[in-house]
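Structure file target_5.csv (CSV, C-alpha atoms) is printed below.
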chain,number,residue,atom,x,y,z
A,1,MET,CA,-11.6,-27.3,-3.4
A,2,LEU,CA,-9.7,-25.7,-0.6
A,3,PHE,CA,-8.3,-23.0,-2.9
A,4,LYS,CA,-11.7,-21.9,-4.3
A,5,ALA,CA,-12.5,-18.9,-2.0
A,6,GLN,CA,-9.1,-17.4,-1.8
A,7,ASP,CA,-7.8,-17.7,-5.3
A,8,GLY,CA,-8.5,-14.4,-7.1
A,9,ILE,CA,-10.1,-12.4,-4.3
A,10,LEU,CA,-6.8,-12.2,-2.6
A,11,HIS,CA,-5.2,-10.8,-5.7
A,12,THR,CA,-7.7,-8.0,-5.5
A,13,LEU,CA,-6.1,-6.7,-2.4
A,14,SER,CA,-4.0,-4.4,-4.5
A,15,LEU,CA,-7.1,-2.4,-5.1
A,16,LEU,CA,-6.9,-1.6,-1.4
A,17,ARG,CA,-4.2,0.9,-1.7
A,18,SER,CA,-7.0,3.5,-1.6
A,19,MET,CA,-6.6,3.3,2.1
A,20,LEU,CA,-3.1,4.8,2.0
A,21,VAL,CA,-2.7,7.6,4.3
A,22,SER,CA,-1.1,11.0,3.8
A,23,VAL,CA,0.8,12.4,6.7
A,24,SER,CA,1.9,15.6,4.9
A,25,LEU,CA,1.8,19.0,6.5
A,26,SER,CA,0.8,22.2,4.8
A,27,LYS,CA,3.5,23.2,2.3
A,28,ARG,CA,1.7,26.3,1.0
A,29,ARG,CA,2.1,28.1,4.3
A,30,TYR,CA,5.9,27.9,4.1
A,31,ARG,CA,6.5,28.0,0.3
A,32,ASP,CA,7.4,31.7,0.2
A,33,ARG,CA,10.2,31.1,2.8
A,34,LEU,CA,12.0,28.4,0.9
A,35,HIS,CA,13.4,30.1,-2.2
A,36,ASN,CA,17.0,30.3,-0.8
A,37,VAL,CA,18.7,27.0,-0.2
A,38,THR,CA,20.5,28.1,2.9
A,39,LEU,CA,20.7,26.7,6.4
A,40,ALA,CA,18.0,29.2,7.5
A,41,GLY,CA,15.8,28.3,4.6
A,42,LEU,CA,16.1,24.6,5.2
A,43,ALA,CA,15.5,25.0,8.9
A,44,LEU,CA,12.3,26.8,8.2
A,45,SER,CA,11.3,24.1,5.8
A,46,CYS,CA,11.8,21.3,8.3
A,47,LEU,CA,10.0,23.2,11.0
A,48,GLY,CA,7.0,23.8,8.7
A,49,ASN,CA,7.0,20.4,7.2
A,50,PRO,CA,8.7,17.7,9.4
A,51,VAL,CA,8.2,15.0,6.7
A,52,SER,CA,9.7,17.0,3.9
A,53,SER,CA,13.0,15.0,4.2
A,54,LEU,CA,11.1,11.8,3.1
A,55,ALA,CA,10.5,10.7,-0.4
A,56,SER,CA,7.0,10.7,-1.8
A,57,GLU,CA,4.8,13.3,-0.2
A,58,GLY,CA,4.5,12.7,3.5
A,59,GLY,CA,6.9,9.7,3.3
A,60,TYR,CA,4.2,7.5,1.9
A,61,SER,CA,2.5,6.7,-1.4
A,62,ASN,CA,-0.4,4.7,-2.9
A,63,TYR,CA,1.7,1.5,-2.5
A,64,ILE,CA,1.3,-0.6,0.6
A,65,PRO,CA,3.0,-3.9,1.0
A,66,GLY,CA,0.9,-6.9,1.7
A,67,PHE,CA,-2.2,-5.8,-0.2
A,68,TYR,CA,-1.6,-8.1,-3.2
A,69,GLY,CA,-3.0,-11.2,-1.5
A,70,ASP,CA,-2.1,-14.1,0.6
A,71,ILE,CA,-2.8,-17.3,-1.4
A,72,ALA,CA,-2.4,-18.1,-5.1
A,73,LEU,CA,-2.2,-14.5,-6.2
A,74,ALA,CA,-2.6,-15.2,-9.9
A,75,VAL,CA,-5.2,-17.9,-9.8
A,76,GLU,CA,-8.6,-16.8,-11.1
A,77,PRO,CA,-11.6,-16.8,-8.7
A,78,ALA,CA,-14.8,-18.6,-9.3
A,79,GLU,CA,-17.2,-16.9,-11.7
A,80,GLY,CA,-19.4,-14.4,-9.9
A,81,LEU,CA,-18.9,-12.1,-6.9
A,82,SER,CA,-16.1,-12.3,-4.4
A,83,LEU,CA,-15.8,-10.2,-1.2
A,84,ARG,CA,-12.9,-9.5,1.0
A,85,ASN,CA,-12.8,-7.5,4.2
A,86,ASP,CA,-9.5,-6.4,5.9
A,87,VAL,CA,-8.8,-4.9,9.2
A,88,TYR,CA,-5.4,-3.2,8.9
A,89,PHE,CA,-3.1,-1.9,11.6
A,90,TYR,CA,0.1,-0.1,10.9
A,91,SER,CA,2.6,1.4,13.3
A,92,ALA,CA,5.6,3.3,11.8
A,93,ASP,CA,8.2,5.9,12.5
A,94,ALA,CA,10.8,7.9,10.7
A,95,ASP,CA,13.9,9.7,12.1
A,96,GLU,CA,15.9,11.9,9.8
A,97,SER,CA,19.0,14.0,10.3
A,98,VAL,CA,19.9,16.6,7.7
A,99,ILE,CA,22.4,19.4,7.4
A,100,SER,CA,25.2,17.6,9.2
A,101,GLY,CA,22.9,16.8,12.1
A,102,GLN,CA,21.8,20.4,12.7
A,103,VAL,CA,18.2,19.5,11.8
A,104,GLU,CA,16.6,16.5,13.4
A,105,THR,CA,13.0,15.2,12.7
A,106,GLY,CA,11.1,12.4,14.3
A,107,ILE,CA,7.6,11.1,13.3
A,108,ASP,CA,5.4,8.3,14.7
A,109,ILE,CA,2.2,7.2,13.0
A,110,ASN,CA,-0.5,4.7,13.8
A,111,LEU,CA,-3.2,3.6,11.4
A,112,THR,CA,-6.4,1.5,11.9
A,113,PHE,CA,-8.4,1.0,8.8
A,114,ASN,CA,-11.2,-1.2,7.5
A,115,TYR,CA,-11.2,-2.1,3.8
A,116,LEU,CA,-14.0,-3.7,1.8
A,117,THR,CA,-13.1,-5.1,-1.6
A,118,LEU,CA,-15.5,-6.5,-4.2
A,119,LEU,CA,-14.5,-8.3,-7.3
A,120,TYR,CA,-16.8,-9.7,-10.0
A,121,LYS,CA,-15.4,-12.2,-12.4
A,122,THR,CA,-17.4,-12.4,-15.6
A,123,GLY,CA,-17.7,-15.2,-18.1
A,124,THR,CA,-16.1,-12.9,-20.8
A,125,GLU,CA,-12.8,-13.8,-22.4
A,126,ILE,CA,-10.3,-11.2,-23.7
A,127,LEU,CA,-7.1,-12.3,-25.4
A,128,GLY,CA,-7.7,-15.8,-24.2
A,129,ALA,CA,-7.9,-14.6,-20.6
A,130,ARG,CA,-10.9,-14.6,-18.2
A,131,TYR,CA,-12.0,-11.0,-17.3
A,132,GLY,CA,-12.9,-9.5,-14.0
A,133,TYR,CA,-13.4,-6.0,-12.5
A,134,GLY,CA,-13.9,-4.5,-9.0
A,135,ALA,CA,-13.5,-1.7,-6.5
A,136,SER,CA,-12.3,-1.1,-3.0
A,137,PHE,CA,-13.6,1.2,-0.2
A,138,ALA,CA,-11.7,2.4,2.8
A,139,TYR,CA,-12.6,4.0,6.2
A,140,GLY,CA,-10.2,4.5,9.1
A,141,ASN,CA,-8.2,6.4,11.6
A,142,VAL,CA,-4.9,8.2,11.4
A,143,ASP,CA,-3.0,9.2,14.6
A,144,ILE,CA,0.3,11.0,14.1
A,145,GLU,CA,2.8,12.9,16.3
A,146,GLY,CA,6.3,14.1,16.1
A,147,ASP,CA,8.9,16.8,16.7
A,148,VAL,CA,11.5,18.8,14.8
A,149,SER,CA,14.7,20.3,16.2
A,150,VAL,CA,16.8,23.0,14.5
A,151,GLY,CA,19.7,23.6,16.9
A,152,PRO,CA,18.2,24.8,20.2
A,153,VAL,CA,14.8,25.4,18.6
A,154,SER,CA,12.2,22.6,18.6
A,155,ARG,CA,8.6,22.2,17.6
A,156,SER,CA,6.2,19.3,18.5
A,157,PHE,CA,3.0,18.4,16.6
A,158,SER,CA,0.2,15.9,16.6
A,159,ASP,CA,-3.0,15.3,14.8
A,160,ASP,CA,-5.8,12.6,14.6
A,161,LYS,CA,-8.5,12.0,12.0
A,162,THR,CA,-11.2,9.4,11.3
A,163,ALA,CA,-12.7,9.6,7.8
A,164,LEU,CA,-13.2,7.9,4.4
A,165,GLY,CA,-10.1,6.9,2.4
A,166,ASP,CA,-9.5,7.1,-1.3
A,167,LEU,CA,-11.4,4.9,-3.7
A,168,THR,CA,-9.6,2.3,-5.8
A,169,LEU,CA,-11.1,1.1,-9.1
A,170,ILE,CA,-10.2,-2.0,-10.9
A,171,PRO,CA,-11.2,-1.5,-14.6
A,172,GLY,CA,-9.8,-4.9,-15.4
A,173,VAL,CA,-8.1,-8.1,-14.3
A,174,LEU,CA,-7.1,-10.7,-16.8
A,175,TYR,CA,-6.4,-14.4,-15.8
A,176,TRP,CA,-4.6,-17.0,-17.8
A,177,ASN,CA,-3.9,-20.7,-16.9
A,178,ASN,CA,-1.0,-22.8,-18.3
A,179,GLY,CA,-2.1,-26.2,-17.1
A,180,ASP,CA,-3.2,-26.9,-13.6
A,181,LYS,CA,-0.1,-25.5,-11.8
A,182,LEU,CA,1.0,-22.4,-13.6
A,183,HIS,CA,-1.2,-19.2,-13.5
A,184,PHE,CA,-0.8,-15.6,-14.7
A,185,SER,CA,-2.7,-12.4,-14.3
A,186,GLN,CA,-2.5,-8.8,-15.4
A,187,SER,CA,-4.3,-6.1,-13.3
A,188,PHE,CA,-5.0,-2.4,-13.8
A,189,PHE,CA,-5.8,-0.1,-11.0
A,190,VAL,CA,-6.8,3.6,-10.6
A,191,VAL,CA,-6.7,5.3,-7.2
A,192,VAL,CA,-9.3,8.1,-7.2
A,193,PRO,CA,-8.6,10.9,-4.6
A,194,VAL,CA,-12.0,11.0,-2.9
A,195,GLY,CA,-10.7,10.5,0.7
A,196,ASP,CA,-10.6,13.2,3.3
A,197,TYR,CA,-7.8,15.6,2.7
A,198,ASP,CA,-6.9,19.1,3.9
A,199,GLU,CA,-3.4,20.5,3.2
A,200,ASP,CA,-3.5,22.3,6.5
A,201,ASP,CA,-3.9,19.0,8.4
A,202,THR,CA,-1.0,16.8,9.5
A,203,ALA,CA,-3.1,13.6,9.3
A,204,ASN,CA,-5.2,12.8,6.2
A,205,THR,CA,-7.0,9.7,5.1
A,206,GLY,CA,-6.6,10.6,1.4
A,207,LEU,CA,-3.5,11.5,-0.6
A,208,ASN,CA,-5.2,14.0,-3.0
A,209,TYR,CA,-3.7,12.6,-6.2
A,210,TYR,CA,-4.4,9.9,-8.7
A,211,THR,CA,-2.3,6.7,-9.1
A,212,PHE,CA,-2.4,4.5,-12.2
A,213,GLU,CA,-0.8,1.1,-11.7
A,214,THR,CA,-0.5,-2.1,-13.6
A,215,ASP,CA,0.7,-5.4,-12.0
A,216,PHE,CA,1.7,-8.7,-13.5
A,217,ALA,CA,1.4,-11.8,-11.2
A,218,MET,CA,2.5,-15.4,-11.6
A,219,THR,CA,1.6,-18.4,-9.4
A,220,TYR,CA,2.9,-21.9,-9.2
A,221,LEU,CA,0.4,-24.0,-7.3
A,222,ASP,CA,0.8,-27.7,-6.7
A,223,GLN,CA,-2.3,-29.0,-4.9
A,224,ASP,CA,-0.7,-32.5,-4.6
A,225,THR,CA,2.1,-31.2,-2.4
A,226,GLY,CA,0.2,-28.2,-1.0
A,227,GLN,CA,2.9,-25.7,-2.2
A,228,ASP,CA,2.1,-22.2,-3.4
A,229,TYR,CA,4.7,-19.8,-4.9
A,230,SER,CA,3.5,-16.4,-6.1
A,231,ILE,CA,5.1,-13.2,-7.2
A,232,VAL,CA,3.7,-9.8,-8.3
A,233,ILE,CA,5.7,-7.2,-10.2
A,234,GLY,CA,4.1,-3.7,-10.3
A,235,TYR,CA,4.6,-0.2,-11.7
A,236,GLY,CA,2.8,2.9,-10.5
A,237,TYR,CA,2.5,6.4,-11.9
A,238,ASN,CA,1.4,9.2,-9.6
A,239,THR,CA,-0.1,12.5,-10.6
A,240,GLU,CA,0.5,15.9,-8.9
A,241,ASN,CA,-1.2,16.9,-5.7
A,242,GLU,CA,-2.7,20.2,-7.0
A,243,ASP,CA,-3.1,21.6,-3.5
A,244,THR,CA,0.6,21.4,-2.6
A,245,ASN,CA,2.1,21.3,-6.2
A,246,TYR,CA,4.0,18.2,-5.1
A,247,LYS,CA,4.4,15.2,-7.5
A,248,SER,CA,5.6,11.9,-6.0
A,249,GLY,CA,7.9,9.9,-8.2
A,250,ASP,CA,7.0,6.7,-10.2
A,251,GLU,CA,7.3,3.5,-8.3
A,252,PHE,CA,8.3,-0.2,-8.8
A,253,HIS,CA,7.7,-3.1,-6.4
A,254,ILE,CA,8.0,-6.8,-6.2
A,255,ASP,CA,5.8,-8.8,-3.7
A,256,TYR,CA,6.1,-12.5,-3.1
A,257,ILE,CA,4.6,-15.3,-1.1
A,258,ILE,CA,5.6,-18.9,-0.2
A,259,ASN,CA,2.8,-21.0,1.3
A,260,GLN,CA,2.6,-24.6,2.5
A,261,TYR,CA,-0.7,-26.2,3.2
A,262,LEU,CA,-0.7,-28.4,6.2
A,263,SER,CA,-4.2,-29.8,5.5
A,264,ASP,CA,-7.3,-28.9,3.5
A,265,SER,CA,-8.1,-26.3,6.2
A,266,TRP,CA,-4.8,-24.8,7.4
A,267,ALA,CA,-1.8,-23.2,5.7
A,268,ILE,CA,1.2,-21.3,6.8
A,269,GLY,CA,3.3,-18.9,4.7
A,270,LEU,CA,6.0,-16.3,4.4
A,271,GLN,CA,5.5,-13.0,2.6
A,272,GLY,CA,7.9,-10.3,1.5
A,273,PHE,CA,8.4,-7.2,-0.7
A,274,TYR,CA,10.9,-4.9,-2.2
A,275,TYR,CA,9.9,-1.3,-3.1
A,276,GLU,CA,11.9,1.3,-5.1
A,277,GLN,CA,11.0,4.8,-6.2
A,278,LEU,CA,12.3,5.1,-9.8
A,279,SER,CA,12.0,8.8,-10.3
A,280,GLY,CA,12.4,11.6,-7.8
A,281,ASP,CA,9.7,13.8,-6.4
A,282,SER,CA,9.1,17.1,-8.4
A,283,GLY,CA,7.0,20.2,-8.5
A,284,ASP,CA,7.0,23.5,-6.7
A,285,GLY,CA,6.1,21.7,-3.4
A,286,ALA,CA,9.2,19.5,-3.4
A,287,GLU,CA,11.3,22.3,-1.9
A,288,LEU,CA,14.0,20.1,-0.5
A,289,GLY,CA,14.8,18.1,-3.6
A,290,SER,CA,13.9,15.0,-5.5
A,291,PHE,CA,14.2,12.4,-2.7
A,292,LYS,CA,13.8,8.7,-3.8
A,293,ALA,CA,12.5,6.0,-1.5
A,294,GLU,CA,13.4,2.4,-1.0
A,295,ALA,CA,12.0,-0.3,1.4
A,296,ALA,CA,11.9,-4.0,2.1
A,297,GLY,CA,10.0,-6.2,4.5
A,298,PHE,CA,9.2,-9.8,5.4
A,299,GLY,CA,6.8,-11.7,7.7
A,300,PRO,CA,4.7,-14.8,8.5
A,301,ALA,CA,1.1,-15.6,7.7
A,302,ILE,CA,-1.5,-18.2,8.8
A,303,MET,CA,-4.6,-19.2,6.8
A,304,TRP,CA,-7.7,-21.1,7.8
A,305,ILE,CA,-10.3,-22.4,5.3
A,306,PRO,CA,-13.2,-23.9,7.2
A,307,SER,CA,-14.2,-27.2,5.5
A,308,LYS,CA,-17.9,-26.7,6.3
A,309,TYR,CA,-18.0,-23.9,3.7
A,310,GLU,CA,-16.5,-26.0,0.9
A,311,GLY,CA,-13.6,-23.6,0.3
A,312,ASN,CA,-15.9,-20.6,-0.2
A,313,VAL,CA,-14.8,-18.9,3.0
A,314,ALA,CA,-11.3,-18.1,4.3
A,315,PHE,CA,-9.6,-16.2,7.2
A,316,VAL,CA,-6.0,-14.9,7.1
A,317,ALA,CA,-3.8,-13.2,9.7
A,318,LYS,CA,-0.3,-11.9,8.8
A,319,TRP,CA,2.4,-9.6,10.0
A,320,ILE,CA,5.0,-7.8,7.8
A,321,ASN,CA,8.0,-6.2,9.4
A,322,GLU,CA,9.7,-3.5,7.3
A,323,TYR,CA,13.3,-4.2,8.1
A,324,HIS,CA,14.7,-1.6,5.7
A,325,ALA,CA,13.5,1.9,4.7
A,326,GLU,CA,15.2,4.8,3.1
A,327,ASN,CA,13.3,8.1,2.8
A,328,ARG,CA,10.1,6.3,3.7
A,329,LEU,CA,8.2,5.5,6.9
A,330,GLU,CA,9.4,2.2,8.5
A,331,GLY,CA,7.2,0.0,10.7
A,332,ASP,CA,5.0,-3.1,11.2
A,333,GLN,CA,1.8,-4.1,9.4
A,334,VAL,CA,-0.8,-6.5,10.7
A,335,PHE,CA,-3.7,-7.8,8.6
A,336,LEU,CA,-6.8,-9.6,9.8
A,337,SER,CA,-8.8,-10.7,6.7
A,338,PHE,CA,-12.0,-12.4,5.8
A,339,MET,CA,-12.9,-13.7,2.3
A,340,MET,CA,-16.0,-15.1,0.7
A,341,SER,CA,-17.1,-16.3,-2.7
A,342,PHE,CA,-20.8,-16.2,-3.6
Translate the structure described by the file into structure tokens.
Amino acid sequence: MLFKAQDGILHTLSLLRSMLVSVSLSKRRYRDRLHNVTLAGLALSCLGNPVSSLASEGGYSNYIPGFYGDIALAVEPAEGLSLRNDVYFYSADADESVISGQVETGIDINLTFNYLTLLYKTGTEILGARYGYGASFAYGNVDIEGDVSVGPVSRSFSDDKTALGDLTLIPGVLYWNNGDKLHFSQSFFVVVPVGDYDEDDTANTGLNYYTFETDFAMTYLDQDTGQDYSIVIGYGYNTENEDTNYKSGDEFHIDYIINQYLSDSWAIGLQGFYYEQLSGDSGDGAELGSFKAEAAGFGPAIMWIPSKYEGNVAFVAKWINEYHAENRLEGDQVFLSFMMSF
């Protein structure tokens, strides 16, 4: 069937948040200067850490839109091993003005990453659901530059790093079917901070804290009409970065897709997301307060499932434009993806 390869392996993309990149600067170097909440104290904070006016440490977190799949998000994959490889490009910026415009910050970041995801669906049933597990591995490049201005004083910065990203484990994914068209899944993820991280670097390929997330997905898939409607609702809990004493707040997100199959081999779709940080940042490292982030985005996708491989191979290209961001980086994401079921 044309849906065979892409069913569940696309849902495993949420394990790819291991690739998330920290753009945080060293906070420890400036911590002693930031005890007094005065204009001078805030100015020193911004000069020392240009991303400190963004929510989540570095203006980012272990949630990345678009990594929850492309097709039939909650449909279980075939029993056995599934593989997905993603080449990911992200270009974003953030411009902030604080203290009545007396402090201005600007940041530009470009990411190029490769992510390899493996999912194994067993024949085991738990609570009436089919069980699977997996992991995701990341390697990539971070290129960041920016500037900070405090009145007549300004500072520019730049950094570049190519290294391993954090590891994401999937201890479990449960799949339920309610007939041929309605499908459900519950996923559990743990992001393990094994990626390259140095608090004195501006660019890091790891975030240096754990994230525990659970996601519930639902898909309505009508193979007669070729229509696919899917939604993912997720909640993530972040631990503290022990090097900077910064704890990013808990997060909530909704991701959705609408696909239309044009034939057994081709489909087009629209994908979007809404993200909200439910609790503020905290810890000694959050010197400028408990900022909360919010973002939304939308974009097109195209899918090709070569008929010669009987639905076991698929290719996807998609673009997501973040048209709204508050206290978070805002940019464009492009994914080039390959999937295979064995």
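Between atom CA of Thr211 of chain A and atom CA of Phe188 of chain A the separation is 10.6 Å.
Residues surrounding Asp228 of chain A within 9 Å are Ile71, Ala72, Thr219, Tyr220, Leu221, Asp222, Ile257, Ile258, Asn259, Gln260, Tyr261 and Gly269 of chain A [only C-alpha atoms; sequence separation below 6 positions excluded].
Among the candidates A:Ala296, A:Leu111, A:Met303, A:Ile254, the residue lying nearest to His324 of chain A is A:Ala296 (atoms considered: all atoms listed in the file).
Between atom CA of Asp86 of chain A and atom CA of Asn241 of chain A the separation is 27.3 Å.
Atom CA of Ser230 of chain A to atom CA of Met218 of chain A spans 5.7 Å [interatomic distance, one decimal].
Closest approach to Phe67 of chain A from the set A:His183, A:Arg130, A:Lys121, A:His253 is made by A:His253, with distances taken over all atoms listed in the file.
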Notebook entry, point to check: Nearest to Phe137 of chain A among A:Asp159, A:Ser154, A:Gly195, A:Ser187, with distances taken over only C-alpha atoms: which residue is it?
Noted result: A:Gly195
